[in-house]
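Shown next: work-v3.cif, given as mmCIF, C-alpha atoms (C1' of nucleotides).
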```
data_run
loop_
_atom_site.label_atom_id
_atom_site.label_comp_id
_atom_site.auth_asym_id
_atom_site.auth_seq_id
_atom_site.Cartn_x
_atom_site.Cartn_y
_atom_site.Cartn_z
CA MET H 1 32.69 25.78 13.11
CA GLU H 2 34.55 24.13 15.91
CA PHE H 3 32.17 21.17 16.16
CA ASN H 4 33.35 17.68 15.23
CA GLU H 5 32.12 15.69 12.26
CA ASN H 6 29.21 14.32 14.23
CA THR H 7 27.57 17.70 14.31
CA PRO H 8 23.97 17.24 13.21
CA CYS H 9 23.18 18.64 9.82
CA CYS H 10 20.99 21.69 10.14
CA GLU H 11 22.12 24.62 12.20
CA GLU H 12 18.86 25.29 14.00
CA HIS H 13 19.10 21.71 15.02
CA GLU H 14 17.52 21.96 18.45
CA VAL H 15 14.37 23.35 16.93
CA HIS H 16 14.26 20.64 14.30
CA THR H 17 14.67 17.74 16.69
CA GLU H 18 11.81 19.13 18.69
CA LEU H 19 9.69 19.19 15.53
CA LEU H 20 10.79 15.72 14.53
CA LYS H 21 9.85 14.38 17.91
CA ILE H 22 6.33 15.71 17.52
CA VAL H 23 6.10 14.42 13.96
CA SER H 24 7.26 10.90 14.85
CA GLU H 25 4.63 10.66 17.56
CA GLN H 26 1.95 11.30 14.95
CA LEU H 27 3.19 8.68 12.50
CA PRO H 28 1.43 5.34 12.05
CA LYS H 29 3.32 2.36 13.42
CA GLU H 30 6.25 1.01 11.44
CA ASP H 31 4.27 -2.15 10.70
CA SER H 32 1.39 -0.17 9.21
CA LEU H 33 3.76 1.86 7.07
CA TYR H 34 5.38 -1.30 5.80
CA ASP H 35 2.03 -2.93 5.07
CA LEU H 36 0.86 0.18 3.30
CA ALA H 37 3.91 0.17 1.04
CA GLU H 38 3.26 -3.50 0.32
CA LEU H 39 -0.33 -2.69 -0.58
CA PHE H 40 0.62 0.06 -3.01
CA LYS H 41 3.33 -2.15 -4.46
CA VAL H 42 0.54 -4.47 -5.56
CA PHE H 43 -1.18 -1.59 -7.37
CA GLY H 44 2.16 -0.61 -8.84
CA ASP H 45 2.25 -2.95 -11.80
CA SER H 46 0.38 -2.34 -15.02
CA THR H 47 -0.64 -5.95 -15.47
CA ARG H 48 -2.28 -5.99 -12.06
CA ILE H 49 -3.81 -2.56 -12.64
CA ARG H 50 -5.33 -3.78 -15.87
CA ILE H 51 -6.67 -6.88 -14.16
CA LEU H 52 -8.25 -4.74 -11.45
CA PHE H 53 -9.90 -2.45 -13.98
CA VAL H 54 -11.35 -5.36 -15.91
CA LEU H 55 -12.68 -6.78 -12.65
CA SER H 56 -14.12 -3.41 -11.73
CA GLU H 57 -16.42 -3.82 -14.74
CA ALA H 58 -17.37 -7.47 -14.40
CA GLU H 59 -16.75 -10.83 -12.78
CA VAL H 60 -14.34 -12.60 -15.15
CA CYS H 61 -12.68 -16.01 -15.29
CA VAL H 62 -8.93 -16.51 -15.59
CA CYS H 63 -8.83 -17.51 -19.24
CA ASP H 64 -10.94 -14.54 -20.26
CA LEU H 65 -8.66 -12.24 -18.30
CA ALA H 66 -5.74 -13.72 -20.18
CA GLU H 67 -7.49 -13.11 -23.45
CA ALA H 68 -8.61 -9.60 -22.51
CA LEU H 69 -5.07 -8.57 -21.59
CA ASN H 70 -3.44 -10.66 -24.30
CA MET H 71 -1.21 -12.48 -21.86
CA THR H 72 -0.57 -16.10 -20.94
CA GLN H 73 -2.80 -17.87 -18.46
CA SER H 74 0.22 -18.49 -16.28
CA ALA H 75 1.21 -14.85 -16.08
CA ILE H 76 -2.33 -13.87 -15.14
CA SER H 77 -2.58 -16.62 -12.58
CA HIS H 78 0.65 -15.54 -10.90
CA GLN H 79 -0.63 -11.98 -10.63
CA LEU H 80 -4.02 -13.10 -9.36
CA LYS H 81 -2.24 -14.92 -6.59
CA ILE H 82 -0.66 -11.66 -5.48
CA LEU H 83 -3.99 -9.84 -5.72
CA LYS H 84 -5.62 -12.56 -3.63
CA GLN H 85 -2.94 -12.36 -0.96
CA SER H 86 -3.53 -8.62 -0.65
CA LYS H 87 -7.28 -9.22 -0.46
CA LEU H 88 -7.91 -6.99 -3.44
CA VAL H 89 -9.88 -9.66 -5.29
CA LYS H 90 -12.21 -12.48 -4.34
CA PHE H 91 -13.16 -15.52 -6.37
CA ARG H 92 -15.65 -18.32 -6.70
CA ARG H 93 -15.46 -21.58 -8.52
CA GLU H 94 -18.07 -22.50 -11.13
CA GLY H 95 -17.32 -25.88 -12.60
CA LYS H 96 -13.86 -25.87 -14.06
CA SER H 97 -13.66 -22.09 -14.16
CA ILE H 98 -12.82 -19.68 -11.40
CA PHE H 99 -14.42 -16.27 -11.53
CA TYR H 100 -12.64 -13.33 -10.01
CA SER H 101 -14.05 -10.01 -8.89
CA LEU H 102 -12.99 -7.03 -6.81
CA ALA H 103 -12.90 -7.69 -3.08
CA ASP H 104 -14.74 -4.49 -2.19
CA ASP H 105 -15.44 -0.90 -3.17
CA HIS H 106 -12.30 0.22 -1.40
CA VAL H 107 -10.30 -1.06 -4.31
CA ARG H 108 -12.39 0.91 -6.74
CA SER H 109 -11.94 4.05 -4.61
CA ILE H 110 -8.17 3.69 -4.58
CA LEU H 111 -8.06 3.20 -8.33
CA ASN H 112 -10.26 6.24 -8.90
CA LEU H 113 -8.28 8.49 -6.58
CA GLY H 114 -5.15 7.48 -8.45
CA LEU H 115 -6.78 8.27 -11.76
CA GLU H 116 -7.83 11.67 -10.47
CA HIS H 117 -4.26 12.44 -9.51
CA ILE H 118 -2.72 11.57 -12.85
CA GLU H 119 -5.41 13.46 -14.73
CA GLU H 120 -5.11 16.61 -12.66
CA ASP H 121 -2.00 18.14 -14.24
CA MET U 1 -14.38 -31.78 -28.66
CA GLU U 2 -13.54 -31.74 -32.30
CA PHE U 3 -12.09 -28.26 -32.25
CA ASN U 4 -8.40 -27.71 -32.96
CA GLU U 5 -5.85 -26.48 -30.43
CA ASN U 6 -6.71 -22.89 -31.16
CA THR U 7 -10.07 -23.34 -29.55
CA PRO U 8 -10.52 -20.48 -27.12
CA CYS U 9 -10.31 -21.46 -23.49
CA CYS U 10 -13.77 -21.28 -21.96
CA GLU U 11 -16.60 -23.27 -23.44
CA GLU U 12 -19.22 -20.56 -23.39
CA HIS U 13 -16.75 -18.56 -25.36
CA GLU U 14 -19.13 -16.59 -27.51
CA VAL U 15 -20.78 -15.15 -24.45
CA HIS U 16 -17.44 -14.28 -22.89
CA THR U 17 -16.00 -12.50 -25.90
CA GLU U 18 -19.14 -10.43 -26.02
CA LEU U 19 -18.63 -9.53 -22.35
CA LEU U 20 -14.96 -8.80 -22.88
CA LYS U 21 -15.78 -6.49 -25.73
CA ILE U 22 -18.07 -4.45 -23.53
CA VAL U 23 -15.54 -4.45 -20.70
CA SER U 24 -12.66 -3.26 -22.87
CA GLU U 25 -14.72 -0.36 -24.12
CA GLN U 26 -15.14 0.83 -20.54
CA LEU U 27 -11.45 0.63 -19.65
CA PRO U 28 -9.30 3.76 -19.33
CA LYS U 29 -6.74 4.20 -22.10
CA GLU U 30 -3.60 2.10 -22.02
CA ASP U 31 -1.54 5.19 -21.29
CA SER U 32 -3.62 6.06 -18.26
CA LEU U 33 -3.38 2.54 -16.92
CA TYR U 34 0.39 2.64 -17.36
CA ASP U 35 0.66 6.03 -15.66
CA LEU U 36 -1.54 4.84 -12.84
CA ALA U 37 0.71 1.84 -12.23
CA GLU U 38 3.71 4.17 -12.25
CA LEU U 39 2.01 6.39 -9.68
CA PHE U 40 1.25 3.52 -7.31
CA LYS U 41 4.76 2.19 -7.81
CA VAL U 42 5.98 5.40 -6.21
CA PHE U 43 3.78 4.77 -3.18
CA GLY U 44 4.98 1.18 -3.12
CA ASP U 45 8.20 1.63 -1.21
CA SER U 46 8.36 1.97 2.55
CA THR U 47 11.05 4.63 2.50
CA ARG U 48 8.94 6.83 0.27
CA ILE U 49 5.80 6.05 2.28
CA ARG U 50 7.59 7.12 5.45
CA ILE U 51 8.80 10.31 3.81
CA LEU U 52 5.25 11.10 2.69
CA PHE U 53 3.84 10.54 6.16
CA VAL U 54 6.45 12.78 7.75
CA LEU U 55 5.63 15.45 5.18
CA SER U 56 1.93 15.02 5.84
CA GLU U 57 2.65 16.30 9.35
CA ALA U 58 5.06 19.13 8.59
CA GLU U 59 7.31 20.85 6.11
CA VAL U 60 10.74 19.26 6.65
CA CYS U 61 14.23 19.73 5.21
CA VAL U 62 16.26 16.92 3.70
CA CYS U 63 18.69 16.43 6.55
CA ASP U 64 15.88 16.26 9.09
CA LEU U 65 14.10 13.71 6.95
CA ALA U 66 17.28 11.68 6.92
CA GLU U 67 17.51 11.91 10.68
CA ALA U 68 13.82 11.16 11.21
CA LEU U 69 14.02 8.02 9.10
CA ASN U 70 17.53 7.13 10.23
CA MET U 71 18.83 6.96 6.67
CA THR U 72 21.62 8.64 4.72
CA GLN U 73 21.07 12.02 3.14
CA SER U 74 21.85 10.50 -0.24
CA ALA U 75 19.22 7.78 0.03
CA ILE U 76 16.59 10.33 1.03
CA SER U 77 17.60 12.67 -1.74
CA HIS U 78 17.30 9.94 -4.36
CA GLN U 79 13.80 9.11 -3.15
CA LEU U 80 12.78 12.76 -3.02
CA LYS U 81 13.75 13.03 -6.66
CA ILE U 82 11.28 10.27 -7.51
CA LEU U 83 8.58 11.90 -5.39
CA LYS U 84 9.19 15.22 -7.14
CA GLN U 85 8.96 13.64 -10.57
CA SER U 86 5.57 12.16 -9.67
CA LYS U 87 4.46 15.55 -8.35
CA LEU U 88 3.70 14.09 -4.93
CA VAL U 89 5.86 16.64 -3.13
CA LYS U 90 6.80 20.27 -3.62
CA PHE U 91 9.74 22.15 -2.16
CA ARG U 92 11.14 25.58 -1.47
CA ARG U 93 14.66 26.71 -0.75
CA GLU U 94 15.46 28.62 2.40
CA GLY U 95 19.14 29.47 2.56
CA LYS U 96 21.15 26.31 2.30
CA SER U 97 18.25 24.08 3.20
CA ILE U 98 15.43 22.84 1.02
CA PHE U 99 12.09 22.24 2.67
CA TYR U 100 9.78 19.61 1.28
CA SER U 101 6.04 19.26 1.74
CA LEU U 102 3.15 17.32 0.21
CA ALA U 103 2.11 18.56 -3.21
CA ASP U 104 -1.62 18.52 -2.40
CA ASP U 105 -4.34 16.89 -0.36
CA HIS U 106 -4.76 14.22 -2.98
CA VAL U 107 -1.65 12.58 -1.66
CA ARG U 108 -3.03 12.57 1.84
CA SER U 109 -6.30 11.06 0.59
CA ILE U 110 -4.52 8.24 -1.18
CA LEU U 111 -2.43 7.45 1.89
CA ASN U 112 -5.50 7.45 4.10
CA LEU U 113 -7.53 5.23 1.78
CA GLY U 114 -4.64 2.79 1.77
CA LEU U 115 -4.47 2.83 5.55
CA GLU U 116 -8.20 2.16 5.74
CA HIS U 117 -7.81 -0.88 3.54
CA ILE U 118 -5.01 -2.49 5.54
CA GLU U 119 -6.79 -1.81 8.81
CA GLU U 120 -10.12 -3.21 7.70
CA ASP U 121 -9.42 -6.93 8.16
"C1'" DT A 1 37.07 33.94 -3.24
"C1'" DC A 2 37.39 30.29 0.04
"C1'" DA A 3 35.62 27.20 3.49
"C1'" DA A 4 31.76 24.90 5.43
"C1'" DC A 5 27.32 23.26 5.01
"C1'" DA A 6 23.05 21.33 2.50
"C1'" DT A 7 21.51 18.92 -1.23
"C1'" DA A 8 21.78 16.39 -5.74
"C1'" DT A 9 23.54 12.98 -8.77
"C1'" DG A 10 26.04 9.13 -11.28
"C1'" DA A 11 27.97 4.50 -11.11
"C1'" DA A 12 27.85 0.10 -9.21
"C1'" DC A 13 26.09 -3.74 -6.81
"C1'" DA A 14 22.76 -6.69 -4.33
"C1'" DG A 15 18.15 -7.96 -3.86
"C1'" DA A 16 13.38 -7.92 -5.64
"C1'" DT A 17 10.13 -8.69 -9.41
"C1'" DG A 18 7.49 -10.42 -13.57
"C1'" DC A 19 7.47 -13.37 -17.23
"C1'" DT A 20 8.15 -18.06 -19.44
"C1'" DC A 21 8.19 -22.91 -19.48
"C1'" DA A 22 7.12 -27.20 -17.64
"C1'" DT A 23 4.24 -29.46 -14.75
"C1'" DA A 24 0.97 -30.16 -10.91
"C1'" DT A 25 -3.73 -29.77 -9.06
"C1'" DG A 26 -8.56 -29.69 -9.43
"C1'" DT A 27 -13.05 -30.55 -11.89
"C1'" DA A 28 -16.45 -32.50 -15.05
"C1'" DT A 29 -17.76 -35.96 -18.36
"C1'" DG A 30 -17.90 -40.01 -21.09
"C1'" DC B 1 -11.09 -43.98 -14.07
"C1'" DA B 2 -9.24 -41.80 -18.06
"C1'" DT B 3 -9.28 -37.77 -20.67
"C1'" DA B 4 -9.77 -32.94 -21.52
"C1'" DC B 5 -10.13 -28.54 -19.75
"C1'" DA B 6 -9.21 -24.63 -16.33
"C1'" DT B 7 -6.24 -22.98 -13.09
"C1'" DA B 8 -2.12 -22.94 -9.95
"C1'" DT B 9 2.68 -23.21 -8.99
"C1'" DG B 10 7.88 -23.81 -8.88
"C1'" DA B 11 12.29 -22.88 -11.07
"C1'" DG B 12 14.99 -20.04 -13.92
"C1'" DC B 13 16.19 -15.82 -16.12
"C1'" DA B 14 16.34 -11.06 -17.49
"C1'" DT B 15 15.12 -6.68 -15.89
"C1'" DC B 16 14.17 -3.27 -12.55
"C1'" DT B 17 14.99 -0.95 -8.04
"C1'" DG B 18 17.05 0.98 -3.76
"C1'" DT B 19 21.05 1.67 -1.35
"C1'" DT B 20 25.95 3.06 -0.86
"C1'" DC B 21 29.98 5.61 -2.07
"C1'" DA B 22 32.22 9.25 -4.22
"C1'" DT B 23 31.67 13.52 -5.96
"C1'" DA B 24 29.29 17.55 -8.01
"C1'" DT B 25 26.31 21.63 -7.43
"C1'" DG B 26 24.52 25.34 -4.93
"C1'" DT B 27 24.40 28.65 -0.91
"C1'" DT B 28 26.16 31.48 2.86
"C1'" DG B 29 29.36 34.05 5.54
"C1'" DA B 30 34.10 35.44 6.63
#
```

Transcribe the structure of this file into structure tokens.
Amino acid sequence: MEFNENTPCCEEHEVHTELLKIVSEQLPKEDSLYDLAELFKVFGDSTRIRILFVLSEAEVCVCDLAEALNMTQSAISHQLKILKQSKLVKFRREGKSIFYSLADDHVRSILNLGLEHIEED
Amino acid sequence: MEFNENTPCCEEHEVHTELLKIVSEQLPKEDSLYDLAELFKVFGDSTRIRILFVLSEAEVCVCDLAEALNMTQSAISHQLKILKQSKLVKFRREGKSIFYSLADDHVRSILNLGLEHIEED
DNA sequence: TCAACATATGAACAGATGCTCATATGTATG
DNA sequence: CATACATATGAGCATCTGTTCATATGTTGA
């Protein structure tokens, strides 16, 4: 080929750029894609997943979560902060304790879809 | 309180341990929870999310993916390897090129549920 | 079989992440 | 208001992760 090194990769390149143009127009905005990755990142840790599953069964206070998962209160509290920031959990104070629960059924749906996928093979 | 330092955290502790016992019986197995976190971890990177969204629109070869996302072929290839391992994408060879596409509609569902969640506030 | 193209992969490095430890904040109770 | 309990938070550290760079593998056509 007589083309220089800047020659685009695939040979049917005109066709592909046309396709890519169409595809990019259909994509969600960059911001949404970034936020979405951030959301899944929160689900992508087994400590947080375990917290979410416990909360999908019941409203539980921090120290009980720590006991249930056999981890320190501090570790749990750090993770709860992340879950709060992503609006995956809500909480209410009752005396000295703070009880956490899932923010909404969306969270449950996402967890269940994930479970379906890993169980399907 | 006259209890020693090993006193469990919450004061109504008998009630809570009873609750925790019930909750733990309802939880998926440790292995599943781990696998689930691993799955979401794969979704938890904006490069991979962008790849998945492009593939949700069309079957695309590696070099076009690289061009679409404005990244190096190597970076894309590394990420595709991870997506393959998680069975989120499939591929077929056509001459020198390899065309990738989503493994199944499950992937699309998970992406869409995630989008719903970030758009709901 | 050789040259050119498309993709994959290993090593290395910089940045992100999760835990621990110490300590701060907030709440109830004597 | 001082103490004990429940939770939150900041710093530090070890580990994990994503990219780059160099190079290997695989495919096609001359």

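For the choices U:Arg92, U:His78, U:Arg50, U:His16, the atom-to-atom distance to DG18 (chain B) is smallest for U:His78 when using all atoms listed in the file.
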
Interatomic distance (Å, one decimal) between C1' of DT28 (chain B) and CA of Lys96 (chain U): 7.2 Å

Interatomic distance, CA of Val15 (chain U) to CA of Ile82 (chain H) (Å, one decimal):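 Between these atoms lies a distance of 27.9 Å.
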
Within 12 Å of DG15 (chain A) using only C-alpha atoms (C1' of nucleotides), minus same-chain residues under 5 positions, as a ChimeraX atom specification: /B:16-19

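Atom to atom, CA of Ala58 (chain H) and CA of Ser97 (chain H) stand 15.1 Å apart.
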
The PyMOL selection byres ((chain H and resi 81) around 12) applied to the shown file, residues as a ChimeraX atom specification: /H:42,48,51,62,74-80,82-91,100 /B:7-9

Test item: the PyMOL selection byres ((chain U) within 8 of (chain H)) resolved as an MDAnalysis selection string: chainID U and resid 9:10 16:17 20 23:24 26:27 32:46 49:50 53:54 57:58 63:64 68 97 106 109:110 113:115 117:118

Save out the residues we just selected, C-alpha atoms, as a compact mmCIF listing (two decimals), in the frame of the given file.
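The resulting file, result00.txt, is reproduced below:
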```txt
# COMPACT_ATOMS: atom_id res chain seq x y z
CA CYS U 9 -10.31 -21.46 -23.49
CA CYS U 10 -13.77 -21.28 -21.96
CA HIS U 16 -17.44 -14.28 -22.89
CA THR U 17 -16.00 -12.50 -25.90
CA LEU U 20 -14.96 -8.80 -22.88
CA VAL U 23 -15.54 -4.45 -20.70
CA SER U 24 -12.66 -3.26 -22.87
CA GLN U 26 -15.14 0.83 -20.54
CA LEU U 27 -11.45 0.63 -19.65
CA SER U 32 -3.62 6.06 -18.26
CA LEU U 33 -3.38 2.54 -16.92
CA TYR U 34 0.39 2.64 -17.36
CA ASP U 35 0.66 6.03 -15.66
CA LEU U 36 -1.54 4.84 -12.84
CA ALA U 37 0.71 1.84 -12.23
CA GLU U 38 3.71 4.17 -12.25
CA LEU U 39 2.01 6.39 -9.68
CA PHE U 40 1.25 3.52 -7.31
CA LYS U 41 4.76 2.19 -7.81
CA VAL U 42 5.98 5.40 -6.21
CA PHE U 43 3.78 4.77 -3.18
CA GLY U 44 4.98 1.18 -3.12
CA ASP U 45 8.20 1.63 -1.21
CA SER U 46 8.36 1.97 2.55
CA ILE U 49 5.80 6.05 2.28
CA ARG U 50 7.59 7.12 5.45
CA PHE U 53 3.84 10.54 6.16
CA VAL U 54 6.45 12.78 7.75
CA GLU U 57 2.65 16.30 9.35
CA ALA U 58 5.06 19.13 8.59
CA CYS U 63 18.69 16.43 6.55
CA ASP U 64 15.88 16.26 9.09
CA ALA U 68 13.82 11.16 11.21
CA SER U 97 18.25 24.08 3.20
CA HIS U 106 -4.76 14.22 -2.98
CA SER U 109 -6.30 11.06 0.59
CA ILE U 110 -4.52 8.24 -1.18
CA LEU U 113 -7.53 5.23 1.78
CA GLY U 114 -4.64 2.79 1.77
CA LEU U 115 -4.47 2.83 5.55
CA HIS U 117 -7.81 -0.88 3.54
CA ILE U 118 -5.01 -2.49 5.54
```

Distance-based interface of chain A with chain H, 12 Å, counting all atoms listed in the file, as a PyMOL selection string: chain A and resi 3-7+16-23+25-29

Matched chain/residue IDs from the PyMOL selection byres ((chain A and resi 1) around 12), as number ranges by chain: A: 2-3; B: 29-30

Pick from B:DA6, B:DT27, B:DC21, B:DA14 nearest to chain H, counting all atoms listed in the file: B:DA6

Complete the atom set of region 69-98 of chain H to N, CA and C atoms and return it as a CSV table (one decimal), in the coordinates of the input.
```
chain,number,residue,atom,x,y,z
H,69,LEU,N,-6.3,-9.3,-21.7
H,69,LEU,CA,-5.1,-8.6,-21.6
H,69,LEU,C,-4.0,-9.1,-22.5
H,70,ASN,N,-4.4,-10.1,-23.3
H,70,ASN,CA,-3.4,-10.7,-24.3
H,70,ASN,C,-2.2,-11.1,-23.6
H,71,MET,N,-2.4,-11.9,-22.6
H,71,MET,CA,-1.2,-12.5,-21.9
H,71,MET,C,-1.4,-14.0,-21.6
H,72,THR,N,-0.4,-14.7,-21.2
H,72,THR,CA,-0.6,-16.1,-20.9
H,72,THR,C,-1.4,-16.3,-19.7
H,73,GLN,N,-2.0,-17.5,-19.6
H,73,GLN,CA,-2.8,-17.9,-18.5
H,73,GLN,C,-1.9,-17.9,-17.2
H,74,SER,N,-0.7,-18.4,-17.4
H,74,SER,CA,0.2,-18.5,-16.3
H,74,SER,C,0.6,-17.1,-15.7
H,75,ALA,N,0.9,-16.2,-16.5
H,75,ALA,CA,1.2,-14.8,-16.1
H,75,ALA,C,0.1,-14.3,-15.3
H,76,ILE,N,-1.1,-14.4,-15.8
H,76,ILE,CA,-2.3,-13.9,-15.1
H,76,ILE,C,-2.5,-14.6,-13.8
H,77,SER,N,-2.4,-15.9,-13.8
H,77,SER,CA,-2.6,-16.6,-12.6
H,77,SER,C,-1.6,-16.2,-11.5
H,78,HIS,N,-0.3,-16.0,-11.9
H,78,HIS,CA,0.6,-15.5,-10.9
H,78,HIS,C,0.2,-14.2,-10.3
H,79,GLN,N,-0.2,-13.3,-11.1
H,79,GLN,CA,-0.6,-12.0,-10.6
H,79,GLN,C,-1.9,-12.1,-9.8
H,80,LEU,N,-2.8,-13.0,-10.2
H,80,LEU,CA,-4.0,-13.1,-9.4
H,80,LEU,C,-3.7,-13.6,-8.0
H,81,LYS,N,-2.7,-14.4,-7.9
H,81,LYS,CA,-2.2,-14.9,-6.6
H,81,LYS,C,-1.8,-13.8,-5.7
H,82,ILE,N,-1.1,-12.8,-6.2
H,82,ILE,CA,-0.7,-11.7,-5.5
H,82,ILE,C,-1.9,-10.8,-5.1
H,83,LEU,N,-2.8,-10.6,-6.0
H,83,LEU,CA,-4.0,-9.8,-5.7
H,83,LEU,C,-4.8,-10.5,-4.6
H,84,LYS,N,-4.9,-11.8,-4.7
H,84,LYS,CA,-5.6,-12.6,-3.6
H,84,LYS,C,-5.0,-12.3,-2.3
H,85,GLN,N,-3.7,-12.5,-2.2
H,85,GLN,CA,-2.9,-12.4,-1.0
H,85,GLN,C,-3.2,-11.0,-0.3
H,86,SER,N,-3.3,-10.0,-1.2
H,86,SER,CA,-3.5,-8.6,-0.6
H,86,SER,C,-5.0,-8.3,-0.4
H,87,LYS,N,-5.8,-9.3,-0.7
H,87,LYS,CA,-7.3,-9.2,-0.5
H,87,LYS,C,-7.9,-8.1,-1.3
H,88,LEU,N,-7.3,-8.0,-2.5
H,88,LEU,CA,-7.9,-7.0,-3.4
H,88,LEU,C,-9.0,-7.6,-4.3
H,89,VAL,N,-8.9,-9.0,-4.5
H,89,VAL,CA,-9.9,-9.7,-5.3
H,89,VAL,C,-10.4,-10.9,-4.5
H,90,LYS,N,-11.6,-11.3,-4.9
H,90,LYS,CA,-12.2,-12.5,-4.3
H,90,LYS,C,-12.5,-13.4,-5.5
H,91,PHE,N,-12.9,-14.6,-5.3
H,91,PHE,CA,-13.2,-15.5,-6.4
H,91,PHE,C,-14.2,-16.6,-5.9
H,92,ARG,N,-14.8,-17.2,-7.0
H,92,ARG,CA,-15.6,-18.3,-6.7
H,92,ARG,C,-15.5,-19.3,-7.8
H,93,ARG,N,-15.6,-20.5,-7.5
H,93,ARG,CA,-15.5,-21.6,-8.5
H,93,ARG,C,-16.8,-21.9,-9.1
H,94,GLU,N,-16.8,-22.1,-10.5
H,94,GLU,CA,-18.1,-22.5,-11.1
H,94,GLU,C,-17.6,-23.6,-12.1
H,95,GLY,N,-17.8,-24.8,-11.7
H,95,GLY,CA,-17.3,-25.9,-12.6
H,95,GLY,C,-15.8,-25.8,-12.7
H,96,LYS,N,-15.3,-25.9,-13.9
H,96,LYS,CA,-13.9,-25.9,-14.1
H,96,LYS,C,-13.3,-24.5,-13.9
H,97,SER,N,-14.1,-23.5,-14.1
H,97,SER,CA,-13.7,-22.1,-14.2
H,97,SER,C,-13.7,-21.5,-12.8
H,98,ILE,N,-12.8,-20.5,-12.6
H,98,ILE,CA,-12.8,-19.7,-11.4
H,98,ILE,C,-13.0,-18.2,-11.8
```
